[in-house]
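input18.csv (CSV, C-alpha atoms)
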```csv
chain,number,residue,atom,x,y,z
A,1,MET,CA,-6.7,30.6,-20.0
A,2,ALA,CA,-9.1,28.0,-19.0
A,3,ASN,CA,-10.4,27.4,-22.5
A,4,SER,CA,-7.3,27.7,-24.6
A,5,PRO,CA,-6.8,24.6,-26.8
A,6,THR,CA,-4.9,21.8,-25.2
A,7,ILE,CA,-3.4,19.0,-27.4
A,8,LEU,CA,-2.2,16.0,-25.5
A,9,LYS,CA,-0.1,13.6,-27.5
A,10,VAL,CA,-0.6,10.0,-26.6
A,11,PRO,CA,2.8,8.3,-26.0
A,12,SER,CA,4.1,6.3,-29.0
A,13,ARG,CA,4.6,3.1,-27.0
A,14,MET,CA,1.4,2.2,-25.2
A,15,VAL,CA,2.8,-1.0,-23.8
A,16,LYS,CA,4.1,-2.5,-20.6
A,17,ASN,CA,7.6,-1.3,-19.6
A,18,TYR,CA,6.3,2.1,-20.8
A,19,ASP,CA,3.3,2.1,-18.4
A,20,ASP,CA,5.0,4.8,-16.2
A,21,GLU,CA,5.3,7.2,-19.2
A,22,ILE,CA,1.6,6.5,-20.2
A,23,ILE,CA,0.3,7.2,-16.7
A,24,ARG,CA,2.5,10.3,-16.4
A,25,LYS,CA,1.2,11.7,-19.7
A,26,LEU,CA,-2.5,10.9,-19.3
A,27,GLY,CA,-2.4,11.6,-15.6
A,28,CYS,CA,-3.2,15.3,-16.4
A,29,PHE,CA,-6.8,14.0,-16.8
A,30,TYR,CA,-7.0,14.0,-13.0
A,31,ARG,CA,-6.5,17.8,-12.9
A,32,TYR,CA,-9.5,18.4,-15.0
A,33,LYS,CA,-12.0,16.6,-12.8
A,34,GLN,CA,-15.4,18.3,-13.1
A,35,LEU,CA,-13.9,21.2,-15.0
A,36,GLN,CA,-15.4,20.3,-18.4
A,37,LYS,CA,-12.5,21.9,-20.1
A,38,HIS,CA,-13.3,23.1,-23.7
A,39,SER,CA,-11.0,22.5,-26.7
A,40,PHE,CA,-9.3,19.4,-25.5
A,41,TYR,CA,-7.6,17.2,-28.1
A,42,LEU,CA,-6.1,13.8,-27.5
A,43,ASP,CA,-3.8,13.0,-30.4
A,44,PHE,CA,-3.0,9.4,-31.4
A,45,GLN,CA,-0.8,10.2,-34.3
A,46,ASP,CA,2.4,9.0,-32.7
A,47,VAL,CA,1.1,5.7,-31.3
A,48,VAL,CA,3.0,2.8,-32.9
A,49,GLU,CA,2.4,0.0,-30.3
A,50,LEU,CA,-0.5,-0.9,-28.1
A,51,ASP,CA,-0.8,-3.9,-25.8
A,52,LEU,CA,-3.2,-5.2,-23.2
A,53,LEU,CA,-1.9,-3.1,-20.3
A,54,GLY,CA,-1.6,0.0,-22.4
A,55,LEU,CA,-5.2,-0.4,-23.6
A,56,LEU,CA,-6.5,-1.0,-20.1
A,57,ILE,CA,-4.8,2.1,-18.9
A,58,LEU,CA,-6.1,4.1,-21.9
A,59,TYR,CA,-9.6,2.8,-21.3
A,60,LYS,CA,-9.6,3.7,-17.6
A,61,PHE,CA,-8.4,7.2,-18.3
A,62,LEU,CA,-11.0,7.8,-21.0
A,63,ASP,CA,-13.7,6.4,-18.7
A,64,TYR,CA,-12.4,8.6,-15.9
A,65,SER,CA,-12.7,11.7,-18.1
A,66,VAL,CA,-16.3,10.9,-19.0
A,67,VAL,CA,-17.5,9.9,-15.6
A,68,ASN,CA,-15.8,12.9,-14.0
A,69,LYS,CA,-16.8,15.4,-16.7
A,70,CYS,CA,-13.2,16.4,-17.4
A,71,PHE,CA,-13.8,17.7,-20.9
A,72,PHE,CA,-16.5,19.4,-22.9
A,73,ASN,CA,-16.7,17.7,-26.3
A,74,PRO,CA,-13.2,16.4,-26.3
A,75,CYS,CA,-11.7,15.5,-29.7
A,76,LEU,CA,-9.7,12.3,-30.4
A,77,LEU,CA,-7.3,13.3,-33.2
A,78,ASN,CA,-5.9,10.7,-35.6
A,79,TYR,CA,-7.6,7.8,-33.9
A,80,GLU,CA,-9.4,6.5,-36.9
A,81,GLU,CA,-6.4,7.2,-39.1
A,82,ASN,CA,-4.0,5.3,-36.9
A,83,ARG,CA,-4.4,1.7,-38.0
A,84,THR,CA,-2.2,0.3,-35.3
A,85,ILE,CA,-4.4,1.6,-32.5
A,86,ARG,CA,-7.7,1.0,-34.3
A,87,ASP,CA,-6.7,-2.6,-35.0
A,88,ARG,CA,-5.4,-3.4,-31.6
A,89,VAL,CA,-8.4,-1.9,-29.9
A,90,ALA,CA,-10.6,-4.2,-32.0
A,91,TYR,CA,-8.3,-7.2,-31.4
A,92,TYR,CA,-8.7,-6.9,-27.7
A,93,GLY,CA,-12.5,-6.6,-27.9
A,94,PHE,CA,-12.7,-3.0,-26.7
A,95,LYS,CA,-13.9,-1.4,-30.0
A,96,ASN,CA,-17.4,-0.6,-29.0
A,97,LEU,CA,-16.4,0.5,-25.5
A,98,ILE,CA,-13.8,2.9,-26.8
A,99,ASP,CA,-16.2,4.1,-29.5
A,100,ASP,CA,-18.7,5.3,-26.9
A,101,LEU,CA,-16.0,6.9,-24.8
A,102,LYS,CA,-14.7,8.7,-28.0
A,103,LYS,CA,-18.1,10.3,-28.2
A,104,ASN,CA,-17.7,11.4,-24.5
A,105,LYS,CA,-20.6,9.0,-23.8
A,106,ASP,CA,-21.0,6.8,-20.8
A,107,SER,CA,-19.9,3.3,-21.9
A,108,ASP,CA,-22.2,1.5,-19.6
A,109,ARG,CA,-24.0,-0.6,-22.2
A,110,GLN,CA,-20.8,-1.6,-24.1
A,111,TYR,CA,-19.1,-2.3,-20.8
A,112,LYS,CA,-21.6,-4.9,-20.0
A,113,ASN,CA,-21.3,-6.5,-23.5
A,114,LEU,CA,-17.6,-7.4,-23.4
A,115,GLN,CA,-17.1,-10.8,-25.0
A,116,VAL,CA,-14.5,-13.6,-24.9
A,117,SER,CA,-13.0,-14.5,-28.2
A,118,VAL,CA,-11.0,-17.6,-29.0
A,119,SER,CA,-8.9,-18.5,-32.1
A,120,ASP,CA,-6.4,-21.2,-32.7
A,121,ASP,CA,-3.5,-19.0,-31.5
A,122,PHE,CA,-5.0,-16.7,-28.9
A,123,ILE,CA,-7.7,-16.3,-26.3
A,124,ILE,CA,-8.8,-12.8,-25.5
A,125,ALA,CA,-11.1,-12.5,-22.5
A,126,PRO,CA,-12.2,-9.0,-21.3
A,127,MET,CA,-14.8,-9.0,-18.6
A,128,ALA,CA,-16.6,-6.3,-16.8
A,129,LEU,CA,-16.8,-6.6,-13.0
A,130,LEU,CA,-20.4,-5.6,-12.4
A,131,LYS,CA,-21.2,-4.9,-8.8
A,132,GLU,CA,-24.9,-5.7,-9.2
A,133,THR,CA,-24.1,-9.2,-10.5
A,134,SER,CA,-22.4,-12.1,-8.7
A,135,SER,CA,-18.9,-12.5,-10.0
A,136,SER,CA,-19.3,-16.2,-10.0
A,137,ASP,CA,-22.1,-15.9,-12.5
A,138,TYR,CA,-19.5,-14.7,-14.9
A,139,LEU,CA,-16.8,-17.1,-14.1
A,140,ASN,CA,-19.1,-20.0,-14.1
A,141,ASN,CA,-20.5,-19.3,-17.6
A,142,ASP,CA,-18.9,-19.3,-21.0
A,143,TYR,CA,-15.9,-17.4,-19.7
A,144,SER,CA,-14.2,-20.2,-17.7
A,145,ARG,CA,-15.3,-22.9,-20.2
A,146,LYS,CA,-13.6,-21.1,-23.0
A,147,ILE,CA,-10.4,-20.6,-21.1
A,148,GLU,CA,-10.4,-24.2,-19.9
A,149,GLY,CA,-11.1,-25.4,-23.4
A,150,TYR,CA,-8.2,-23.5,-24.7
A,151,TYR,CA,-5.7,-24.8,-22.2
A,152,HIS,CA,-6.1,-28.5,-21.9
A,153,ASN,CA,-3.5,-29.1,-19.2
A,154,HIS,CA,-5.1,-29.6,-15.8
A,155,LYS,CA,-2.2,-28.0,-13.9
A,156,VAL,CA,-2.0,-25.0,-16.2
A,157,ASN,CA,-5.8,-24.4,-15.8
A,158,ALA,CA,-5.4,-24.8,-12.0
A,159,MET,CA,-2.7,-22.1,-11.9
A,160,ILE,CA,-4.7,-19.8,-14.2
A,161,PHE,CA,-7.9,-20.1,-12.3
A,162,THR,CA,-6.2,-19.7,-8.9
A,163,VAL,CA,-4.7,-16.4,-10.1
A,164,PHE,CA,-7.9,-15.4,-11.7
A,165,SER,CA,-10.1,-16.1,-8.7
A,166,GLU,CA,-7.8,-14.4,-6.2
A,167,MET,CA,-7.4,-11.3,-8.4
A,168,PHE,CA,-11.1,-11.3,-9.1
A,169,LEU,CA,-12.1,-11.5,-5.4
A,170,ASN,CA,-9.6,-8.9,-4.4
A,171,PHE,CA,-10.8,-6.4,-7.0
A,172,TRP,CA,-14.5,-7.1,-6.2
A,173,ALA,CA,-13.9,-6.4,-2.6
A,174,HIS,CA,-11.5,-3.5,-2.8
A,175,ALA,CA,-12.5,-1.5,-5.9
A,176,LEU,CA,-14.5,0.9,-3.8
A,177,GLY,CA,-15.8,3.9,-5.6
A,178,ASP,CA,-15.3,2.4,-9.1
A,179,SER,CA,-18.2,0.9,-11.0
A,180,LYS,CA,-16.2,0.0,-14.1
A,181,SER,CA,-13.4,-2.3,-13.2
A,182,VAL,CA,-12.4,-4.6,-16.1
A,183,ILE,CA,-10.4,-7.8,-15.9
A,184,VAL,CA,-8.7,-8.9,-19.2
A,185,ALA,CA,-6.9,-12.1,-20.1
A,186,HIS,CA,-4.9,-12.6,-23.2
A,187,GLY,CA,-2.9,-15.7,-23.9
A,188,ASN,CA,-1.5,-18.3,-26.2
A,189,GLN,CA,-0.2,-21.8,-25.4
A,190,GLU,CA,3.0,-20.4,-23.9
A,191,MET,CA,1.7,-17.7,-21.7
A,192,ILE,CA,-1.3,-15.8,-20.4
A,193,GLU,CA,-1.5,-12.2,-19.3
A,194,ILE,CA,-4.2,-11.2,-16.8
A,195,ALA,CA,-4.7,-7.6,-16.0
A,196,CYS,CA,-7.1,-5.6,-13.9
A,197,ALA,CA,-7.3,-1.9,-13.3
A,198,ASP,CA,-9.7,0.2,-11.2
A,199,SER,CA,-9.9,3.8,-10.3
A,200,GLY,CA,-11.3,3.1,-6.8
A,201,GLU,CA,-9.8,3.5,-3.4
A,202,GLY,CA,-6.6,1.6,-4.1
A,203,VAL,CA,-4.4,-0.8,-2.1
A,204,VAL,CA,-2.2,1.9,-0.6
A,205,LYS,CA,-5.1,3.8,0.9
A,206,SER,CA,-6.8,0.6,2.1
A,207,ILE,CA,-3.6,-0.5,3.9
A,208,THR,CA,-2.7,2.9,5.4
A,209,ASP,CA,-6.3,3.4,6.6
A,210,ALA,CA,-6.2,0.0,8.3
A,211,PHE,CA,-2.6,0.4,9.6
A,212,PRO,CA,-2.2,4.1,10.5
A,213,ARG,CA,1.5,3.5,11.5
A,214,CYS,CA,2.3,2.1,8.1
A,215,LYS,CA,3.9,4.7,5.8
A,216,LYS,CA,2.5,5.0,2.3
A,217,GLU,CA,5.8,3.9,0.8
A,218,ASP,CA,5.7,0.7,2.8
A,219,ALA,CA,2.0,-0.1,2.0
A,220,LEU,CA,2.6,-2.4,-1.0
A,221,LYS,CA,5.3,-4.3,0.9
A,222,MET,CA,2.7,-4.8,3.6
A,223,ALA,CA,0.0,-5.8,1.2
A,224,LEU,CA,2.2,-8.5,-0.2
A,225,LYS,CA,2.9,-10.1,3.2
A,226,LYS,CA,1.1,-13.3,4.1
A,227,ASP,CA,-1.7,-12.8,6.7
A,228,VAL,CA,-1.8,-9.0,6.4
A,229,THR,CA,-5.3,-7.8,5.5
A,230,SER,CA,-6.9,-4.3,5.6
A,231,LYS,CA,-10.2,-6.1,6.5
A,232,LYS,CA,-9.3,-7.7,9.7
A,233,GLY,CA,-12.1,-9.7,11.4
A,234,SER,CA,-13.6,-10.6,8.0
A,235,ASN,CA,-13.1,-13.6,5.7
A,236,HIS,CA,-10.3,-11.7,4.0
A,237,MET,CA,-7.0,-13.1,5.3
A,238,GLY,CA,-4.2,-11.3,3.5
A,239,TYR,CA,-3.4,-14.3,1.3
A,240,GLY,CA,-4.4,-13.5,-2.3
A,241,LEU,CA,-1.7,-11.1,-3.3
A,242,TRP,CA,0.9,-13.1,-1.4
A,243,LEU,CA,-0.2,-16.3,-3.2
A,244,ILE,CA,-0.1,-14.6,-6.7
A,245,ASN,CA,3.4,-13.3,-5.9
A,246,GLU,CA,4.6,-16.7,-4.8
A,247,ILE,CA,3.2,-18.4,-8.0
A,248,VAL,CA,4.9,-15.8,-10.1
A,249,THR,CA,8.2,-16.3,-8.4
A,250,LYS,CA,8.1,-20.0,-8.6
A,251,SER,CA,6.8,-20.3,-12.2
A,252,GLY,CA,9.3,-17.7,-13.5
A,253,SER,CA,6.5,-15.3,-14.4
A,254,ARG,CA,5.9,-11.6,-14.1
A,255,PHE,CA,3.8,-9.5,-11.7
A,256,LEU,CA,3.2,-5.7,-11.6
A,257,LEU,CA,1.3,-4.0,-8.8
A,258,ARG,CA,0.6,-0.2,-8.9
A,259,SER,CA,-1.3,2.0,-6.6
A,260,GLU,CA,-1.0,5.8,-6.3
A,261,GLU,CA,2.7,6.5,-7.0
A,262,TYR,CA,3.9,3.2,-5.6
A,263,CYS,CA,4.9,0.2,-7.7
A,264,TYR,CA,6.1,-3.3,-7.2
A,265,GLU,CA,7.5,-5.6,-9.8
A,266,ASN,CA,8.4,-9.2,-9.7
A,267,MET,CA,10.2,-10.7,-12.7
A,268,ALA,CA,10.8,-14.4,-12.0
A,269,GLY,CA,11.7,-13.8,-8.4
A,270,LYS,CA,13.7,-10.6,-9.0
A,271,THR,CA,11.7,-8.0,-7.2
A,272,ARG,CA,11.8,-4.2,-6.7
A,273,PHE,CA,9.7,-1.5,-5.2
A,274,TYR,CA,9.8,1.9,-6.8
A,275,THR,CA,7.9,5.2,-7.1
A,276,SER,CA,6.4,6.3,-10.3
A,277,ALA,CA,3.6,8.4,-11.9
A,278,THR,CA,0.4,8.5,-9.8
A,279,TRP,CA,-2.4,6.1,-10.6
A,280,HIS,CA,-5.7,6.7,-8.7
A,281,GLY,CA,-6.7,3.2,-7.8
A,282,THR,CA,-4.9,-0.1,-8.3
A,283,ILE,CA,-3.5,-1.9,-11.3
A,284,VAL,CA,-2.6,-5.6,-11.2
A,285,TYR,CA,-0.8,-7.2,-14.2
A,286,VAL,CA,0.3,-10.8,-14.2
A,287,LYS,CA,2.0,-12.6,-17.1
A,288,LEU,CA,2.1,-16.3,-16.4
A,289,PHE,CA,4.5,-18.5,-18.3
A,290,LEU,CA,2.9,-21.9,-18.7
A,291,THR,CA,5.8,-24.3,-19.1
A,292,ASN,CA,6.2,-24.7,-15.3
A,293,PRO,CA,2.8,-24.3,-13.8
A,294,ILE,CA,2.7,-23.8,-10.1
A,295,THR,CA,-0.4,-24.2,-7.9
A,296,ILE,CA,-1.3,-23.5,-4.3
A,297,ASP,CA,-0.4,-27.0,-3.2
A,298,ASP,CA,3.1,-26.6,-4.6
A,299,ILE,CA,3.4,-23.4,-2.6
A,300,GLU,CA,2.1,-24.9,0.7
A,301,LYS,CA,3.2,-28.5,0.5
A,302,ASN,CA,5.7,-28.1,3.4
A,303,ASN,CA,3.4,-26.1,5.6
A,304,GLU,CA,3.2,-28.3,8.7
A,305,GLN,CA,0.4,-26.3,10.3
A,306,LEU,CA,-1.8,-27.0,7.2
A,307,ASN,CA,-0.8,-30.7,7.0
A,308,ASP,CA,-1.6,-31.1,10.7
A,309,LEU,CA,-5.3,-30.3,10.2
A,310,LEU,CA,-7.2,-33.6,10.3
A,311,ILE,CA,-9.8,-32.8,7.7
A,312,ASN,CA,-11.8,-35.8,6.6
A,313,PHE,CA,-10.9,-35.8,2.9
A,314,GLN,CA,-11.9,-39.0,1.1
B,1,MET,CA,-29.1,-40.4,6.4
B,2,ASN,CA,-26.0,-38.7,5.3
B,3,THR,CA,-26.8,-36.0,2.8
B,4,ILE,CA,-24.4,-35.3,-0.1
B,5,ILE,CA,-24.1,-31.7,-1.1
B,6,ILE,CA,-22.7,-31.4,-4.6
B,7,ILE,CA,-20.8,-28.1,-4.9
B,8,LYS,CA,-20.7,-28.0,-8.7
B,9,ASP,CA,-24.4,-27.4,-8.6
B,10,PHE,CA,-23.5,-24.0,-7.2
B,11,GLY,CA,-20.7,-23.5,-9.7
B,12,THR,CA,-17.3,-24.9,-10.6
B,13,ILE,CA,-15.4,-21.7,-9.7
B,14,ILE,CA,-16.2,-20.6,-6.2
B,15,SER,CA,-14.8,-17.1,-6.0
B,16,ASP,CA,-17.3,-14.6,-4.6
B,17,GLU,CA,-18.8,-13.8,-1.3
B,18,GLU,CA,-22.4,-14.2,-2.2
B,19,LEU,CA,-21.9,-17.7,-3.6
B,20,GLY,CA,-19.8,-18.6,-0.6
B,21,SER,CA,-22.5,-17.5,1.7
B,22,ARG,CA,-25.1,-19.6,-0.1
B,23,ILE,CA,-22.9,-22.7,0.1
B,24,TYR,CA,-22.1,-22.1,3.8
B,25,LYS,CA,-25.8,-21.8,4.6
B,26,THR,CA,-26.7,-25.0,2.8
B,27,ILE,CA,-24.0,-27.0,4.5
B,28,SER,CA,-24.7,-25.4,7.9
B,29,ASP,CA,-28.5,-26.1,7.7
B,30,CYS,CA,-27.8,-29.7,6.6
B,31,ILE,CA,-25.6,-30.3,9.6
B,32,GLU,CA,-28.1,-28.8,12.0
B,33,GLU,CA,-30.8,-31.0,10.6
B,34,GLU,CA,-28.9,-34.3,10.1
B,35,GLY,CA,-25.8,-34.0,12.3
B,36,SER,CA,-23.3,-34.8,9.5
B,37,VAL,CA,-22.8,-34.1,5.8
B,38,THR,CA,-20.7,-35.2,2.8
B,39,ILE,CA,-19.5,-32.5,0.5
B,40,ASP,CA,-18.8,-33.5,-3.1
B,41,MET,CA,-16.1,-31.3,-4.7
B,42,GLN,CA,-16.1,-33.2,-8.0
B,43,ASP,CA,-15.4,-30.9,-11.0
B,44,VAL,CA,-14.8,-27.8,-8.9
B,45,LYS,CA,-11.9,-26.1,-10.6
B,46,THR,CA,-11.0,-23.5,-8.0
B,47,MET,CA,-12.1,-22.1,-4.7
B,48,ALA,CA,-10.7,-18.7,-3.7
B,49,THR,CA,-9.1,-18.8,-0.3
B,50,PHE,CA,-11.6,-16.2,0.9
B,51,CYS,CA,-14.4,-18.6,0.1
B,52,ALA,CA,-12.6,-21.5,1.7
B,53,LYS,CA,-12.4,-19.5,4.9
B,54,GLN,CA,-16.0,-18.2,4.5
B,55,ILE,CA,-17.4,-21.7,4.1
B,56,PHE,CA,-15.1,-24.3,5.8
B,57,GLY,CA,-13.2,-22.0,8.1
B,58,GLN,CA,-16.4,-20.6,9.6
B,59,LEU,CA,-18.0,-24.0,9.9
B,60,CYS,CA,-15.0,-25.5,11.6
B,61,LYS,CA,-14.9,-22.5,14.0
B,62,LYS,CA,-18.6,-22.8,14.7
B,63,MET,CA,-18.6,-26.6,15.2
B,64,GLY,CA,-15.2,-26.9,16.9
B,65,GLN,CA,-12.4,-28.8,15.3
B,66,ALA,CA,-13.1,-32.2,16.6
B,67,SER,CA,-16.8,-32.1,15.6
B,68,PHE,CA,-16.0,-30.7,12.2
B,69,PHE,CA,-13.4,-33.3,11.4
B,70,GLU,CA,-15.8,-36.0,12.5
B,71,LYS,CA,-19.0,-34.8,10.9
B,72,VAL,CA,-17.9,-33.2,7.7
B,73,VAL,CA,-16.6,-35.4,4.9
B,74,ILE,CA,-15.2,-33.9,1.8
B,75,VAL,CA,-14.9,-36.1,-1.3
B,76,SER,CA,-13.3,-35.8,-4.7
B,77,ALA,CA,-11.4,-32.6,-4.0
B,78,THR,CA,-8.3,-31.9,-6.1
B,79,GLU,CA,-5.0,-31.2,-4.3
B,80,GLN,CA,-5.4,-27.5,-5.0
B,81,ILE,CA,-8.9,-27.4,-3.5
B,82,LYS,CA,-7.8,-29.4,-0.5
B,83,THR,CA,-5.0,-26.9,0.1
B,84,SER,CA,-7.4,-23.9,-0.3
B,85,ILE,CA,-9.7,-25.5,2.3
B,86,ARG,CA,-6.8,-26.1,4.7
B,87,VAL,CA,-5.7,-22.5,4.3
B,88,GLY,CA,-9.2,-21.2,4.9
B,89,ILE,CA,-9.7,-23.3,8.0
B,90,LEU,CA,-6.3,-22.4,9.5
B,91,SER,CA,-6.9,-18.7,9.0
B,92,ALA,CA,-10.4,-18.9,10.7
B,93,LEU,CA,-8.9,-20.8,13.6
B,94,LYS,CA,-6.1,-18.2,14.0
B,95,ASP,CA,-8.8,-15.5,14.2
B,96,ASN,CA,-9.9,-16.8,17.6
```
Take the structure from the file and write it as structure tokens.
Amino acid sequence: MANSPTILKVPSRMVKNYDDEIIRKLGCFYRYKQLQKHSFYLDFQDVVELDLLGLLILYKFLDYSVVNKCFFNPCLLNYEENRTIRDRVAYYGFKNLIDDLKKNKDSDRQYKNLQVSVSDDFIIAPMALLKETSSSDYLNNDYSRKIEGYYHNHKVNAMIFTVFSEMFLNFWAHALGDSKSVIVAHGNQEMIEIACADSGEGVVKSITDAFPRCKKEDALKMALKKDVTSKKGSNHMGYGLWLINEIVTKSGSRFLLRSEEYCYENMAGKTRFYTSATWHGTIVYVKLFLTNPITIDDIEKNNEQLNDLLINFQ
Amino acid sequence: MNTIIIIKDFGTIISDEELGSRIYKTISDCIEEEGSVTIDMQDVKTMATFCAKQIFGQLCKKMGQASFFEKVVIVSATEQIKTSIRVGILSALKDN
């Protein structure tokens, strides 16, 4: 029965470490693409925890359902009543965005109005990656000044901005077919989380298209190798993801990369590849611990090929 | 006259292709007109390696290493920016 009521319960823990369960559960949205299913209910009653990654995944699924006309007048049950989810959505600066999506409305206007907020304890910085505007226009405005002002240590800022700009440029170039990528940062003086999710082409497809002999299950391994790029002959050089991974290893931080059903995790140098629920696109999540900041020059200091270049630095 | 191009006038975070392209053109035009250039990186916080290759890597490739090292002077770059520039140049040279 195409129009029999469907009630989907949102998982209770919408947080990292449970991202697989969240994607598995909400992944049924993909099956409803363009179907405009009637009588669809998304029930938030059981949600007891929501963090940055959980919210980003929820937002991207809701956005997917609106853009792809999955449901006809879908109903979000127990959203307003569940204080945990309501408060966390507001805390991360996504309230207006989710409110529009709740009404099954395109969130375009709210998407463009995401704002950085800073308190004594935390900085929360959601940012839309708008294709029609230069990414540097964003990073060079308020956004970077607020992050820099919050973290006074030069080396900490250098590490954060390196990871930011490499993630940013990668998503900008590779999020094909997705007009609503979001990058979010959330941090305090001990750590900063940076997460980005898109429902575009995805790393696995980019790599397997560029290297037809590469098996899908090996694509993430390939993407993390130095000098491997799906855009050969361009200014891309297969360096950004490798660099992020190195910084995470050496600073004792955390890195999660997901694309399709393939995942990679690096926890302070302890790495694993595994399969999981399917995500149509790419998710990158980095949690940087700030006590031992690592920068690109720490990573490359013993690279003789680089040191042999006689660049006229003064 | 050796013109000084101040990169922070373009932005302190250099991390997209369009901005990189503008900087490349400004430097390239300057070298064509005047033969040499000084690039001031004061206050630049970060330069994505993509942009380092797009700007400095492509310039070095176009001019040839010897000419680039002689005619392009880079001042006030942090160690992080210097490494990004080295990485970008090496990658462009390897593309040959």
Self-check item: Length of the CA of Val15 in chain A to CA of Tyr274 in chain A vector [Å]
Solution: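 Value for the CA of Val15 in chain A-CA of Tyr274 in chain A distance: 18.6 Å.
Across B:Thr78, B:Asn2, B:Thr26, B:Thr46, the tightest approach to chain A is made by B:Thr46 when counting only C-alpha atoms.
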Self-check item: Within 8 Å of chain B: residues of chain A, using all atoms listed in the file, as a ChimeraX atom specification
Solution: /A:134-136,139-140,158,161-162,165-166,168-169,233,235-237,239-240,295-297,300,305-307,309-314
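Between CA of Arg24 in chain A and CA of Phe61 in chain A the separation is 11.5 Å.
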Exercise. Extract, using all atoms listed in the file, all DNA, RNA and protein residues at most 10 Å from Thr3 in chain B, discarding same-chain residues fewer than 6 positions from it, and format them as a ChimeraX atom specification.
Key: /B:27,30-31,34-39
Practice problem: May I ask which of the residues A:Lys231, A:Glu265, A:Phe255, A:Lys155 is the closest one to Asp298 in chain A, counting all atoms listed in the file? | Solution: A:Lys155
Quiz item: Between A:Val228, A:Ile22, A:Val204, A:Val10, which one has atoms that come closest to Gln45 in chain A, using only C-alpha atoms?
Solution: A:Val10
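Pairwise distance (CA of Ser144 in chain A, CA of Lys287 in chain A) equals 17.9 Å.
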Self-check item: Who sits within 7 Å of Asn266 in chain A, all atoms listed in the file, same chain under 4 positions skipped, as a list in words
Solution: Arg254, Phe255, Leu256, Lys270, Thr271 and Arg272 of chain A
Exercise. Measuring atom to atom with only C-alpha atoms, identify which of A:His280, A:Arg88, A:Lys232, A:Lys33 is nearest to Asp209 in chain A.
Key: A:Lys232
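Taking all atoms listed in the file, the non-local environment of range 100-103 of chain A within 9 Å (same-chain residues fewer than 6 positions away omitted) comprises Tyr59, Leu62, Asp63, Ser65, Val66, Asn73, Pro74, Cys75, Leu76 and Gln110 of chain A.
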Prev. selection, C-alpha atoms, output as a PDB file, in the coordinates of the input:
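For reference, out_17.pdb as written:
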```pdb
ATOM      1  CA  TYR A  59      -9.600   2.800 -21.300  1.00  0.00           C
ATOM      2  CA  LEU A  62     -11.000   7.800 -21.000  1.00  0.00           C
ATOM      3  CA  ASP A  63     -13.700   6.400 -18.700  1.00  0.00           C
ATOM      4  CA  SER A  65     -12.700  11.700 -18.100  1.00  0.00           C
ATOM      5  CA  VAL A  66     -16.300  10.900 -19.000  1.00  0.00           C
ATOM      6  CA  ASN A  73     -16.700  17.700 -26.300  1.00  0.00           C
ATOM      7  CA  PRO A  74     -13.200  16.400 -26.300  1.00  0.00           C
ATOM      8  CA  CYS A  75     -11.700  15.500 -29.700  1.00  0.00           C
ATOM      9  CA  LEU A  76      -9.700  12.300 -30.400  1.00  0.00           C
ATOM     10  CA  GLN A 110     -20.800  -1.600 -24.100  1.00  0.00           C
TER      11      GLN A 110
END
```
Self-check item: Closest of A:Asp198, A:Glu80, A:Asp99, A:Asp218 to Tyr64 in chain A - atom-to-atom distances counting only C-alpha atoms
Solution: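 Using only C-alpha atoms, the shortest distance to Tyr64 in chain A belongs to A:Asp198.
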Practice problem: Please identify all polymer residues within 8 Å of Lys16 in chain A, counting all atoms listed in the file, omitting same-chain residues fewer than 3 positions from it, and present them as a ChimeraX atom specification. | Solution: /A:19,51,53-54
Quiz item: Could you name the residues that touch Lys9 in chain A at 10 Å or less, counting only C-alpha atoms, but leaving out those on the same chain fewer than 3 positions away, as a PyMOL selection string?
Solution: chain A and resi 6+12+25-26+41-47+77
The selected residues should be written to file as a CSV table (one decimal), in the coordinates of the input (atoms: C-alpha atoms).
```csv
chain,number,residue,atom,x,y,z
A,6,THR,CA,-4.9,21.8,-25.2
A,12,SER,CA,4.1,6.3,-29.0
A,25,LYS,CA,1.2,11.7,-19.7
A,26,LEU,CA,-2.5,10.9,-19.3
A,41,TYR,CA,-7.6,17.2,-28.1
A,42,LEU,CA,-6.1,13.8,-27.5
A,43,ASP,CA,-3.8,13.0,-30.4
A,44,PHE,CA,-3.0,9.4,-31.4
A,45,GLN,CA,-0.8,10.2,-34.3
A,46,ASP,CA,2.4,9.0,-32.7
A,47,VAL,CA,1.1,5.7,-31.3
A,77,LEU,CA,-7.3,13.3,-33.2
```
